There are 2 protein chains.
Amino acid sequence: MSNKQNKVNGEAREGALGYKQAKLKAEKSDLWKLRHTAEHVLHQAVKELYPSIQLAMGPATEDGFYFDFDGGEVKISAEDFPKIEAKMQEIIDLDLPMIEKEITVGAARELFAGNPYKLEWVDTIETKGEMVTIYWSGEPGSQRATVDLCAGPHVASTGQVKAFKLLSVAGAYWHGDEKNKMLTRIYGTAFFSQKELDKHLEMLAEAEKRNHHRIGKQMELFEIFPEIGQGLPVWLPKGYAMRRAIEDYMIWLERKYGYAHILTPHINRNVLFKKSGHLDFYADSMYPPIEFDDEKYYLKPMNCPAGMMVYKRKPRSYKDLPLKLGELGTVYRYEKSGELHGLQRVRGMTQNDAHIFCTAAQLKDQFREVMEMLDIFYKDVGFDKYTFRLSLSDPKDDKYSFCGSRKDWEKMENTMREILDEAGVEYESIVGDAAFYGPKLDVQAVNVFGKEDSISTIQVDFNLPERFELEYVNSDGQKERPFVIHRALVGSFERFFAFLIEHHAGKFPLWYAPVQVKLLPITDRNVTYAQKIVAQLLDKNIRVELDDRSETLSAKIRDAQLEQVPYMAVVGDKEMQDDLVAVRARDGQKQEVMGVLEFVEKLQIEVQKRK
Amino acid sequence: MSNKQNKVNGEAREGALGYKQAKLKAEKSDLWKLRHTAEHVLHQAVKELYPSIQLAMGPATEDGFYFDFDGGEVKISAEDFPKIEAKMQEIIDLDLPMIEKEITVGAARELFAGNPYKLEWVDTIETKGEMVTIYWSGEPGSQRATVDLCAGPHVASTGQVKAFKLLSVAGAYWHGDEKNKMLTRIYGTAFFSQKELDKHLEMLAEAEKRNHHRIGKQMELFEIFPEIGQGLPVWLPKGYAMRRAIEDYMIWLERKYGYAHILTPHINRNVLFKKSGHLDFYADSMYPPIEFDDEKYYLKPMNCPAGMMVYKRKPRSYKDLPLKLGELGTVYRYEKSGELHGLQRVRGMTQNDAHIFCTAAQLKDQFREVMEMLDIFYKDVGFDKYTFRLSLSDPKDDKYSFCGSRKDWEKMENTMREILDEAGVEYESIVGDAAFYGPKLDVQAVNVFGKEDSISTIQVDFNLPERFELEYVNSDGQKERPFVIHRALVGSFERFFAFLIEHHAGKFPLWYAPVQVKLLPITDRNVTYAQKIVAQLLDKNIRVELDDRSETLSAKIRDAQLEQVPYMAVVGDKEMQDDLVAVRARDGQKQEVMGVLEFVEKLQIEVQKRK
């Protein structure tokens with residue numbers, strides 16, 4: 001099960017469609033030009049305030065702009081933003097015209113002499129044999145005029161930047177490569193009106209509230225320890241409780257659809273990855289091998305190769321197909337440290353993986369069945385903000401990134417389009433983003449900061465069956481090659497949880513809430529009774545906590561509400577006497593008094609209904 | 001959570017108590033001497049039949065004897081056993097006396113000239129400055145007399161071998177090291193009477209029936225693929241279904257006892273294992289590191305270091321203790337390929353691990369609570385053949401294998417003895433087999449072939465809290481160090497399943513049977529009704545299969561019985577008409593007709609009662 005990685009550098013991950021496409025789209029927009037100009041205003045302001053710094057580079061982005069510079073001894077923090085913003089406003093008020101010029105490489109070298117970053121870009125332009133494009137802010141030669149190596153486009157003058165704000169400052173490696181020098185990066189955003197800026201800032205504040213990293217820490221769902229490793233999250237008790245609930249649900253759902261589950265080791269021999277093609281097509285995402293007993297073993301980046309072996313372990317007949325093998329498989333993929341982000345981009349992830357082995361005639365039905373399960377799953381977890389993306393091969397790149405013949409790729413890609421069109425599914429097509437073994441349909445979601453990522457995937461594969469020489473005997477007694485559908489409904493638990501946490505802002509449905517019920521004894525003399533109920537609920541697989549602190553009931557209720565616990569069960573002397581609980585929902589103001597068994601039943605029914 | 005590995009060579013694993021101790025015990029027995037003599041009879045017979053072979057070495061073992069030789073061009077298979085056994089009987093009938101002699105190293109070199117295996121042993125004896133002991137079968141110089149390098153002891157003459165049998169032939173590396181030459185090993189056994197031999201052979205036949213490797217293959221529970229890696233079993237659908245049932249049970253049981261569960265990555269940074277002491281004390285069992293981004297990462301051989309980090313992530317108070325953190329953690333440990341055996345000895349295993357962080361005052365109660373859970377767990381899985389073993393440090397070896405001060409070790413070992421004595425638990429004490437960080441109580445089981453292994457473990461640790469500087473604030477506001485109890489009730493799922501499969505011979509209790517119910521439609525026209533019931537059962541988390549082959553009912557029943565499925569649900573026209581199932585238990589002859597919902601309820605109650 002794969003999300004094929006872009007082979008290009010880190011920046012390609014910016015935005016939803018890959019950097020190049022995003023840029024192409026964005027460059028057409030006036031907003032992008034405005035932000036590009038705002039970025040020039042920023043670096044002009046910084047350079048005027050701190051003449052000793054070296055300007056490196058900076059682009060406009062989907063939602064603003066940033067600028068990298070080499071500060072040397074100069075350290076800039078968010079405390080300096082008011083001063084920088086004031087200087088920027090000054091430059092905007094001057095309404096400097098943005099003037100494009102083309103000059104020779106030689107002239108550019110002279111103009112940017114002493115700045116290694118600019119000169120490096122000039123060298124690159126020279127190898128292409130192009131002229132160098134520069135942009136002046138202000139008439140060249142005038143008092144405040146500043147120049148930068150830049151291909152544009154820009155708005156006509158700095159005065160058009162009607163509203164802007166600096167947002168944050170961070171370290172960033174030159175070219176995103178940790179082997180290079182760490183530069184200082186200032187982020188900001190700009191709009192044509194203050195109103196639009198205010199709206200955006202409000203969105204950012206909301207995003208910060210929903211940020212899964214922040215909620216994950218506050219609710220103690222997961223944590224990343226530098227001593228254990230970057231990109232290797234630890235699931236804390238509350239996060240694991242949620243994950244286990246969704247794991248159990250997935251196994252239940254998949255069994256209902258005829259899946260059986262396997263579990264394969266985290267390291268596999270190199271011969272397996274040679275056979276599967278991973279060492280030829282996917283090595284960039286794999287970790288170096290572990291060598292012992294004169295053998296090389298690799299951390300598996302995908303569960304597929306071992307899954308193929310399970311199919312191949314005995315003769316299969318058409319009567320066995322479709323054969324649906326699921327695996328909650330943990331895979332390890334290399335990501336540059338700069339790309340890692342909470343649970344969204346990690347180096348170790350557990351997929352809700354499955355391989356469906358089927359005949360050509362079953363392919364469409366099986367694909368549709370997966371689409372149906374996808375729909376049930378998303379409804380049950382309460383996640384509805386997604387779109388579909390069809391990732392296709394790049395005919396120009398078939399030697400390096402995609403295995404198998406062009407003819408087969410085209411046939412399969414057409415089949416997928418047919419299936420989707422027949423099902424009336426809307427999707428966007430992206431050339432060059434297929435898995436190396438076949439085209440895929442990805443489910444895309446956008447996080448609170450506007451970053452898009454794949455959360456589920458369905459892939460059709462005609463290459464691994466060929467490489468592993470998979471066979472089945474058809475009804476005529478002849479041997480045939482099966483097809484394989486790779487699919488992960490949850491995608492990876494890590495990434496899916498990132499989106500799920502942000503989507504629900506920590507207010508999870510009862511069925512997978514980390515703590516489903518909080519027992520709140522009114523006084524210390526009700527604690528023993530509360531403990532008895534806790535034991536009863538635990539016995540029925542309800543996740544429950546007891547708040548036995550010597551606090552007032554209202555304090556306990558407030559804290560349970562802050563923790564977003566779906567139900568509070570208050571017990572005082574009256575409840576104790578009659579074997580009752582006073583139940584209060586997370587959002588409600590009302591308490592409903594009921595018997596303990598009745599409460600258990602209520603919970604079980606709601607869990608079963610995926611409330 | 002550890003089973004400390006012996007640092008000595010492979011042979012040390014032979015037998016229950018380590019080779020040396022087993023040998024010491026066994027040497028006192030007449031049976032051992034008899035088998036030792038039988039081994040000499042074997043190599044004499046082989047040498048007489050195949051003069052070109054080189055004799056290497058061979059011992060008596062707990063249950064027989066074996067002999068290794070370098071056959072060169074000569075290939076011996078089990079088909080040659082009758083011929084070899086006849087020759088052995090001839091040597092026994094000659095009643096050759098077993099005569100011990102001491103000779104000089106020089107004389108030994110002359111005597112064994114041309115045999116590199118014997119000469120290597122002579123070299124070893126020379127370095128110790130000892131005389132060489134040899135054994136003659138027959139008066140030296142007499143016609144059939146044979147000599148071997150051997151320290152004895154033996155019975156008086158070959159005629160005392162009253163009953164023997166050759167059992168198998170296999171390849172074995174010289175010194176058990178895969179870098180050396182592969183020799184041929186013949187296994188056999190011997191007794192003082194034919195009756196005893198017959199009894200033993202009967203036991204072996206029963207063992208073969210229960211052999212988890214054979215049942216695992218036949219029932220499709222697990223498989224080891226050479227392409228994936230030795231010692232890295234793949235859990236097939238039926239094995240994983242069982243494992244998942246026991247995992248779910250463990251989480252349920254542990255939550256009832258106040259545990260919370262975490263999940264930590266399979267690779268951890270080297271700094272973590274440096275801190276924990278694993279790189280100093282446990283490196284022999286660890287795989288070489290994976291190096292990237294100028295960091296070394298190791299496959300974790302234990303879950304403890306990451307578990308310590310989770311404790312340490314925030315300030316802890318005495319009110320938080322005992323803190324019980326469980327983890328279904330998969331660890332990877334190096335074992336020589338010659339040591340690997342099915343699920344019993346593997347290289348990757350999932351532990352039902354937990355760390356209990358507690359105060360000194362809580363230690364005894366917590367230890368007792370774990371013993372209580374152990375008892376419940378063993379009763380629920382229906383496993384009752386185990387003994388306890390207290391593994392202590394070796395005072396003579398504290399520099400190399402055990403971290404921390406002697407005084408602390410003695411104190412902790414005495415505490416453990418007290419707990420066990422107070423609880424009235426019988427146990428055997430083994431010096432030198434503790435974990436490197438503390439003493440442990442292991443639960444031992446013996447497999448069908450008489451091999452003993454640890455299946456559960458409870459360990460007390462005062463070293464890792466020190467190394468990780470763990471703290472809690474006591475009721476006086478002072479900082480104190482907690483203790484840690486490491487425990488794994490299931491031990492590793494792999495090894496526990498090896499014992500469980502053999503114990504039940506594949507006839508598993510309903511609650512974790514891979515398939516709980518098999519639907520048997522009497523005719524093809526009942527298949528749709530059967531499918532409806534399958535869907536109902538799956539919805540209620542019952543593991544069910546449908547036998548929709550066009551076979552007779554009696555054939556379907558026979559096959560379901562062979563597969564040891566606890567319940568068969570037969571459905572014909574009558575059942576279809578009235579929404580009924582005819583239920584038949586695995587062992588029973590009777591069928592009980594009941595409503596489908598009644599059947600579901602019956603199953604749910606029995607699963608809950610761990611039937």
# chains A, B, ... in the order shown; residues from 1 in each chain; ligands from 1
call {"tool": "closest_atom_pairs", "arguments": {"of": "chain B", "to": "chain A", "cutoff": "7 Å", "atoms": "only C-alpha atoms", "output": "Markdown table"}}
result
| residue | atom | partner | partner_atom | distance |
| --- | --- | --- | --- | --- |
| B:Glu227 | CA | A:Leu272 | CA | 5.8 |
| B:Ile228 | CA | A:Asn268 | CA | 4.7 |
| B:Gly229 | CA | A:Arg269 | CA | 5.7 |
| B:Leu232 | CA | A:Pro265 | CA | 6.1 |
| B:Val234 | CA | A:Thr264 | CA | 4.7 |
| B:Trp235 | CA | A:Leu263 | CA | 5.0 |
| B:Leu236 | CA | A:Ile262 | CA | 4.9 |
| B:Pro237 | CA | A:His261 | CA | 4.9 |
| B:Tyr240 | CA | A:Ile262 | CA | 5.9 |
| B:Trp252 | CA | A:Asn541 | CA | 6.6 |
| B:Arg255 | CA | A:Leu538 | CA | 6.9 |
| B:Lys256 | CA | A:Leu538 | CA | 5.7 |
| B:Ala260 | CA | A:Pro237 | CA | 5.4 |
| B:His261 | CA | A:Pro237 | CA | 4.9 |
| B:Ile262 | CA | A:Leu236 | CA | 4.9 |
| B:Leu263 | CA | A:Trp235 | CA | 5.0 |
| B:Thr264 | CA | A:Val234 | CA | 4.7 |
| B:Pro265 | CA | A:Leu232 | CA | 6.1 |
| B:Asn268 | CA | A:Ile228 | CA | 4.7 |
| B:Arg269 | CA | A:Ile228 | CA | 5.1 |
| B:Val271 | CA | A:Glu227 | CA | 6.4 |
| B:Leu272 | CA | A:Glu227 | CA | 5.8 |
| B:Pro288 | CA | A:Ile290 | CA | 6.0 |
| B:Pro289 | CA | A:Ile290 | CA | 6.7 |
| B:Ile290 | CA | A:Pro288 | CA | 6.0 |
| B:Glu291 | CA | A:Pro288 | CA | 6.7 |
| B:Ala306 | CA | A:Ile228 | CA | 6.9 |
| B:Ala535 | CA | A:Lys256 | CA | 6.6 |
| B:Leu538 | CA | A:Lys256 | CA | 5.7 |
| B:Asp539 | CA | A:Lys256 | CA | 6.7 |
| B:Asn541 | CA | A:Trp252 | CA | 6.6 |
call {"tool": "write_last_selection", "arguments": {"atoms": "N, CA, C and O atoms", "output": "compact mmCIF listing (two decimals), in the first residue's frame"}}
result
# COMPACT_ATOMS: atom_id res chain seq x y z
N GLU B 227 11.85 -16.47 2.14
CA GLU B 227 12.05 -15.18 1.45
C GLU B 227 11.84 -13.99 2.39
O GLU B 227 12.32 -12.90 2.12
N ILE B 228 11.08 -14.18 3.44
CA ILE B 228 10.84 -13.08 4.40
C ILE B 228 11.91 -13.13 5.48
O ILE B 228 12.47 -12.10 5.85
N GLY B 229 12.22 -14.30 5.96
CA GLY B 229 13.33 -14.43 6.90
C GLY B 229 13.08 -15.53 7.93
O GLY B 229 11.95 -15.73 8.37
N LEU B 232 11.12 -15.31 11.59
CA LEU B 232 10.20 -14.17 11.45
C LEU B 232 8.84 -14.68 10.97
O LEU B 232 8.48 -14.53 9.80
N VAL B 234 5.04 -15.40 9.96
CA VAL B 234 3.88 -14.65 9.48
C VAL B 234 2.64 -15.27 10.13
O VAL B 234 2.48 -16.49 10.12
N TRP B 235 1.82 -14.45 10.74
CA TRP B 235 0.56 -14.93 11.33
C TRP B 235 -0.47 -15.01 10.21
O TRP B 235 -0.84 -13.99 9.62
N LEU B 236 -0.92 -16.22 9.91
CA LEU B 236 -1.94 -16.42 8.89
C LEU B 236 -3.31 -16.10 9.50
O LEU B 236 -3.44 -15.97 10.72
N PRO B 237 -4.35 -15.95 8.64
CA PRO B 237 -5.65 -15.50 9.16
C PRO B 237 -6.13 -16.23 10.41
O PRO B 237 -6.56 -15.60 11.37
N TYR B 240 -3.89 -15.32 13.41
CA TYR B 240 -4.08 -13.93 13.84
C TYR B 240 -5.43 -13.76 14.53
O TYR B 240 -5.54 -12.99 15.49
N TRP B 252 -8.61 -6.09 27.97
CA TRP B 252 -9.80 -6.05 28.85
C TRP B 252 -9.40 -6.35 30.29
O TRP B 252 -9.74 -5.61 31.22
N ARG B 255 -7.16 -3.56 31.75
CA ARG B 255 -7.90 -2.34 32.07
C ARG B 255 -8.66 -2.52 33.37
O ARG B 255 -8.76 -1.59 34.18
N LYS B 256 -9.21 -3.70 33.59
CA LYS B 256 -9.91 -3.98 34.85
C LYS B 256 -8.97 -3.83 36.05
O LYS B 256 -9.41 -3.50 37.15
N ALA B 260 -3.20 1.11 31.69
CA ALA B 260 -3.46 1.86 30.46
C ALA B 260 -2.39 1.41 29.47
O ALA B 260 -1.32 0.98 29.87
N HIS B 261 -2.71 1.52 28.18
CA HIS B 261 -1.80 0.94 27.17
C HIS B 261 -1.17 2.00 26.27
O HIS B 261 -1.84 2.96 25.88
N ILE B 262 0.07 1.77 25.97
CA ILE B 262 0.79 2.67 25.06
C ILE B 262 1.31 1.85 23.87
O ILE B 262 1.19 0.63 23.87
N LEU B 263 1.86 2.54 22.88
CA LEU B 263 2.48 1.83 21.77
C LEU B 263 3.69 2.66 21.34
O LEU B 263 3.56 3.85 21.05
N THR B 264 4.85 2.01 21.34
CA THR B 264 6.09 2.75 21.04
C THR B 264 6.74 2.16 19.78
O THR B 264 6.49 1.02 19.42
N PRO B 265 7.56 2.97 19.07
CA PRO B 265 8.08 2.55 17.75
C PRO B 265 9.03 1.34 17.84
O PRO B 265 9.62 1.08 18.88
N ASN B 268 14.38 2.69 17.81
CA ASN B 268 14.64 3.77 18.78
C ASN B 268 16.08 4.24 18.57
O ASN B 268 16.94 3.47 18.13
N ARG B 269 16.33 5.48 18.92
CA ARG B 269 17.70 6.02 18.75
C ARG B 269 18.69 5.35 19.69
O ARG B 269 18.33 4.91 20.78
N VAL B 271 20.93 6.66 21.56
CA VAL B 271 21.09 7.33 22.87
C VAL B 271 20.18 6.68 23.92
O VAL B 271 20.54 6.61 25.09
N LEU B 272 19.04 6.22 23.48
CA LEU B 272 18.09 5.61 24.42
C LEU B 272 18.64 4.29 24.97
O LEU B 272 18.56 4.02 26.18
N PRO B 288 22.40 -5.18 14.24
CA PRO B 288 23.23 -4.00 13.91
C PRO B 288 22.34 -2.78 13.67
O PRO B 288 21.18 -2.93 13.30
N PRO B 289 22.89 -1.59 13.92
CA PRO B 289 22.06 -0.39 13.81
C PRO B 289 21.72 -0.02 12.36
O PRO B 289 22.39 -0.46 11.42
N ILE B 290 20.67 0.78 12.21
CA ILE B 290 20.31 1.39 10.94
C ILE B 290 20.79 2.83 11.04
O ILE B 290 20.41 3.54 11.96
N GLU B 291 21.65 3.25 10.12
CA GLU B 291 22.23 4.59 10.23
C GLU B 291 21.66 5.52 9.17
O GLU B 291 21.69 5.20 7.98
N ALA B 306 11.60 2.85 26.02
CA ALA B 306 10.56 3.80 25.60
C ALA B 306 9.50 3.93 26.70
O ALA B 306 8.96 5.01 26.92
N ALA B 535 -23.82 -13.50 8.28
CA ALA B 535 -23.78 -12.04 8.43
C ALA B 535 -24.22 -11.62 9.84
O ALA B 535 -23.62 -10.73 10.45
N LEU B 538 -21.32 -12.54 12.26
CA LEU B 538 -20.18 -11.63 12.08
C LEU B 538 -20.48 -10.28 12.71
O LEU B 538 -19.61 -9.66 13.33
N ASP B 539 -21.72 -9.84 12.56
CA ASP B 539 -22.10 -8.55 13.13
C ASP B 539 -21.95 -8.57 14.66
O ASP B 539 -21.69 -7.53 15.26
N ASN B 541 -19.62 -10.14 16.19
CA ASN B 541 -18.22 -10.47 16.48
C ASN B 541 -17.95 -11.95 16.72
O ASN B 541 -17.02 -12.30 17.44
call {"tool": "residues_around", "arguments": {"residues": "Pro482 (chain A)", "least_positions_apart": "6", "cutoff": "9 Å", "atoms": "only C-alpha atoms", "output": "VMD selection string"}}
result
chain A and resid 321 357 to 360 462 465 to 466 470 to 472
call {"tool": "write_last_selection", "arguments": {"atoms": "all heavy atoms", "output": "PDB file, in the first residue's frame"}}
result
ATOM      1  N   LEU A 321     -11.407 -16.875  -5.049  1.00  0.00           N
ATOM      2  CA  LEU A 321     -11.358 -15.436  -5.340  1.00  0.00           C
ATOM      3  C   LEU A 321     -12.753 -14.816  -5.294  1.00  0.00           C
ATOM      4  O   LEU A 321     -13.713 -15.497  -5.650  1.00  0.00           O
ATOM      5  CB  LEU A 321     -10.713 -15.197  -6.711  1.00  0.00           C
ATOM      6  CG  LEU A 321      -9.319 -15.814  -6.900  1.00  0.00           C
ATOM      7  CD1 LEU A 321      -8.736 -15.368  -8.244  1.00  0.00           C
ATOM      8  CD2 LEU A 321      -8.378 -15.463  -5.771  1.00  0.00           C
ATOM      9  N   PHE A 357      -7.211 -10.036  -3.898  1.00  0.00           N
ATOM     10  CA  PHE A 357      -6.772 -10.786  -5.070  1.00  0.00           C
ATOM     11  C   PHE A 357      -8.029 -11.200  -5.822  1.00  0.00           C
ATOM     12  O   PHE A 357      -8.922 -11.827  -5.235  1.00  0.00           O
ATOM     13  CB  PHE A 357      -5.988 -12.022  -4.639  1.00  0.00           C
ATOM     14  CG  PHE A 357      -4.760 -11.677  -3.815  1.00  0.00           C
ATOM     15  CD1 PHE A 357      -4.854 -11.511  -2.441  1.00  0.00           C
ATOM     16  CD2 PHE A 357      -3.520 -11.508  -4.422  1.00  0.00           C
ATOM     17  CE1 PHE A 357      -3.731 -11.188  -1.680  1.00  0.00           C
ATOM     18  CE2 PHE A 357      -2.391 -11.179  -3.669  1.00  0.00           C
ATOM     19  CZ  PHE A 357      -2.503 -11.024  -2.298  1.00  0.00           C
ATOM     20  N   CYS A 358      -8.128 -10.824  -7.093  1.00  0.00           N
ATOM     21  CA  CYS A 358      -9.371 -11.117  -7.818  1.00  0.00           C
ATOM     22  C   CYS A 358      -9.107 -11.343  -9.301  1.00  0.00           C
ATOM     23  O   CYS A 358      -8.009 -11.084  -9.796  1.00  0.00           O
ATOM     24  CB  CYS A 358     -10.377  -9.988  -7.608  1.00  0.00           C
ATOM     25  SG  CYS A 358      -9.874  -8.416  -8.287  1.00  0.00           S
ATOM     26  N   THR A 359     -10.118 -11.816  -9.981  1.00  0.00           N
ATOM     27  CA  THR A 359     -10.019 -12.018 -11.427  1.00  0.00           C
ATOM     28  C   THR A 359     -10.295 -10.688 -12.123  1.00  0.00           C
ATOM     29  O   THR A 359     -10.813  -9.749 -11.500  1.00  0.00           O
ATOM     30  CB  THR A 359     -11.071 -13.039 -11.907  1.00  0.00           C
ATOM     31  OG1 THR A 359     -12.373 -12.449 -11.757  1.00  0.00           O
ATOM     32  CG2 THR A 359     -11.026 -14.321 -11.095  1.00  0.00           C
ATOM     33  N   ALA A 360      -9.971 -10.635 -13.406  1.00  0.00           N
ATOM     34  CA  ALA A 360     -10.233  -9.417 -14.184  1.00  0.00           C
ATOM     35  C   ALA A 360     -11.720  -9.083 -14.138  1.00  0.00           C
ATOM     36  O   ALA A 360     -12.114  -7.924 -14.007  1.00  0.00           O
ATOM     37  CB  ALA A 360      -9.764  -9.612 -15.623  1.00  0.00           C
ATOM     38  N   PHE A 462      -1.283  -4.538 -11.424  1.00  0.00           N
ATOM     39  CA  PHE A 462      -1.124  -5.670 -12.338  1.00  0.00           C
ATOM     40  C   PHE A 462       0.349  -6.062 -12.414  1.00  0.00           C
ATOM     41  O   PHE A 462       0.713  -6.979 -13.117  1.00  0.00           O
ATOM     42  CB  PHE A 462      -1.657  -5.308 -13.725  1.00  0.00           C
ATOM     43  CG  PHE A 462      -1.154  -3.968 -14.204  1.00  0.00           C
ATOM     44  CD1 PHE A 462      -0.040  -3.871 -15.016  1.00  0.00           C
ATOM     45  CD2 PHE A 462      -1.790  -2.797 -13.790  1.00  0.00           C
ATOM     46  CE1 PHE A 462       0.435  -2.638 -15.437  1.00  0.00           C
ATOM     47  CE2 PHE A 462      -1.313  -1.553 -14.210  1.00  0.00           C
ATOM     48  CZ  PHE A 462      -0.196  -1.473 -15.025  1.00  0.00           C
ATOM     49  N   PRO A 465       1.504  -8.979  -9.095  1.00  0.00           N
ATOM     50  CA  PRO A 465       1.126 -10.361  -9.423  1.00  0.00           C
ATOM     51  C   PRO A 465       2.066 -10.973 -10.468  1.00  0.00           C
ATOM     52  O   PRO A 465       2.399 -12.149 -10.404  1.00  0.00           O
ATOM     53  CB  PRO A 465      -0.299 -10.222  -9.979  1.00  0.00           C
ATOM     54  CG  PRO A 465      -0.820  -8.977  -9.342  1.00  0.00           C
ATOM     55  CD  PRO A 465       0.360  -8.057  -9.239  1.00  0.00           C
ATOM     56  N   GLU A 466       2.509 -10.129 -11.401  1.00  0.00           N
ATOM     57  CA  GLU A 466       3.434 -10.581 -12.442  1.00  0.00           C
ATOM     58  C   GLU A 466       4.798 -10.901 -11.818  1.00  0.00           C
ATOM     59  O   GLU A 466       5.370 -11.959 -12.035  1.00  0.00           O
ATOM     60  CB  GLU A 466       3.567  -9.451 -13.485  1.00  0.00           C
ATOM     61  CG  GLU A 466       4.276  -9.829 -14.752  1.00  0.00           C
ATOM     62  CD  GLU A 466       3.489 -10.806 -15.612  1.00  0.00           C
ATOM     63  OE1 GLU A 466       2.249 -10.728 -15.602  1.00  0.00           O
ATOM     64  OE2 GLU A 466       4.132 -11.660 -16.263  1.00  0.00           O
ATOM     65  N   LEU A 470       2.003 -14.783  -9.410  1.00  0.00           N
ATOM     66  CA  LEU A 470       0.795 -15.277  -8.742  1.00  0.00           C
ATOM     67  C   LEU A 470      -0.121 -15.927  -9.773  1.00  0.00           C
ATOM     68  O   LEU A 470      -0.187 -15.489 -10.920  1.00  0.00           O
ATOM     69  CB  LEU A 470       0.054 -14.124  -8.047  1.00  0.00           C
ATOM     70  CG  LEU A 470       0.834 -13.300  -7.042  1.00  0.00           C
ATOM     71  CD1 LEU A 470      -0.090 -12.322  -6.327  1.00  0.00           C
ATOM     72  CD2 LEU A 470       1.557 -14.188  -6.030  1.00  0.00           C
ATOM     73  N   GLU A 471      -0.788 -16.951  -9.332  1.00  0.00           N
ATOM     74  CA  GLU A 471      -1.664 -17.681 -10.244  1.00  0.00           C
ATOM     75  C   GLU A 471      -2.930 -18.144  -9.536  1.00  0.00           C
ATOM     76  O   GLU A 471      -2.971 -18.241  -8.314  1.00  0.00           O
ATOM     77  CB  GLU A 471      -0.954 -18.938 -10.764  1.00  0.00           C
ATOM     78  CG  GLU A 471       0.186 -18.663 -11.711  1.00  0.00           C
ATOM     79  CD  GLU A 471       0.941 -19.935 -12.074  1.00  0.00           C
ATOM     80  OE1 GLU A 471       0.767 -20.969 -11.388  1.00  0.00           O
ATOM     81  OE2 GLU A 471       1.711 -19.875 -13.042  1.00  0.00           O
ATOM     82  N   TYR A 472      -3.947 -18.442 -10.349  1.00  0.00           N
ATOM     83  CA  TYR A 472      -5.094 -19.222  -9.868  1.00  0.00           C
ATOM     84  C   TYR A 472      -5.540 -20.079 -11.038  1.00  0.00           C
ATOM     85  O   TYR A 472      -5.222 -19.778 -12.193  1.00  0.00           O
ATOM     86  CB  TYR A 472      -6.233 -18.308  -9.374  1.00  0.00           C
ATOM     87  CG  TYR A 472      -6.912 -17.510 -10.444  1.00  0.00           C
ATOM     88  CD1 TYR A 472      -8.068 -17.968 -11.073  1.00  0.00           C
ATOM     89  CD2 TYR A 472      -6.387 -16.280 -10.856  1.00  0.00           C
ATOM     90  CE1 TYR A 472      -8.685 -17.225 -12.064  1.00  0.00           C
ATOM     91  CE2 TYR A 472      -6.999 -15.538 -11.843  1.00  0.00           C
ATOM     92  CZ  TYR A 472      -8.148 -16.016 -12.451  1.00  0.00           C
ATOM     93  OH  TYR A 472      -8.743 -15.283 -13.439  1.00  0.00           O
TER      94      TYR A 472
END
call {"tool": "select_by_dssp", "arguments": {"residues": "region 233-289 of chain A", "states": "helix (DSSP H, G or I)", "output": "ChimeraX atom specification"}}
result
/A:237-256,270-276,278-281,283-285
call {"tool": "residues_around", "arguments": {"residues": "Asp453 (chain B)", "least_positions_apart": "5", "cutoff": "7 Å", "atoms": "only C-alpha atoms", "output": "list in words"}}
result
Gln444, Ala445 and Val446 of chain B
call {"tool": "write_last_selection", "arguments": {"atoms": "N, CA, C and O atoms", "output": "CSV table (one decimal), in the first residue's frame"}}
result
chain,number,residue,atom,x,y,z
B,444,GLN,N,7.6,-21.4,33.7
B,444,GLN,CA,8.3,-22.3,32.8
B,444,GLN,C,7.3,-23.3,32.3
B,444,GLN,O,6.5,-23.8,33.1
B,445,ALA,N,7.4,-23.7,31.1
B,445,ALA,CA,6.6,-24.8,30.5
B,445,ALA,C,7.5,-25.7,29.7
B,445,ALA,O,8.6,-25.3,29.3
B,446,VAL,N,7.1,-26.9,29.6
B,446,VAL,CA,7.9,-27.9,28.8
B,446,VAL,C,7.1,-28.3,27.6
B,446,VAL,O,5.9,-28.6,27.7
call {"tool": "residues_around", "arguments": {"residues": "Lys518 (chain B)", "least_positions_apart": "5", "cutoff": "10 Å", "atoms": "only C-alpha atoms", "output": "MDAnalysis selection string"}}
result
chainID B and resid 530 534 543:547 556:557 560:561 563 565:570 583:584
call {"tool": "select_by_dssp", "arguments": {"residues": "region 111-141 of chain B", "states": "strand (DSSP E)", "output": "short mmCIF file (atom, residue, chain, number, x, y, z; two decimals) with C-alpha atoms, in the first residue's frame"}}
result
data_model
loop_
_atom_site.label_atom_id
_atom_site.label_comp_id
_atom_site.auth_asym_id
_atom_site.auth_seq_id
_atom_site.Cartn_x
_atom_site.Cartn_y
_atom_site.Cartn_z
CA VAL B 132 43.72 -36.39 27.75
CA THR B 133 41.04 -38.91 28.74
CA ILE B 134 40.11 -41.55 26.16
CA TYR B 135 37.67 -44.44 26.18
CA TRP B 136 38.21 -47.78 24.53
CA SER B 137 35.27 -49.97 23.58
#
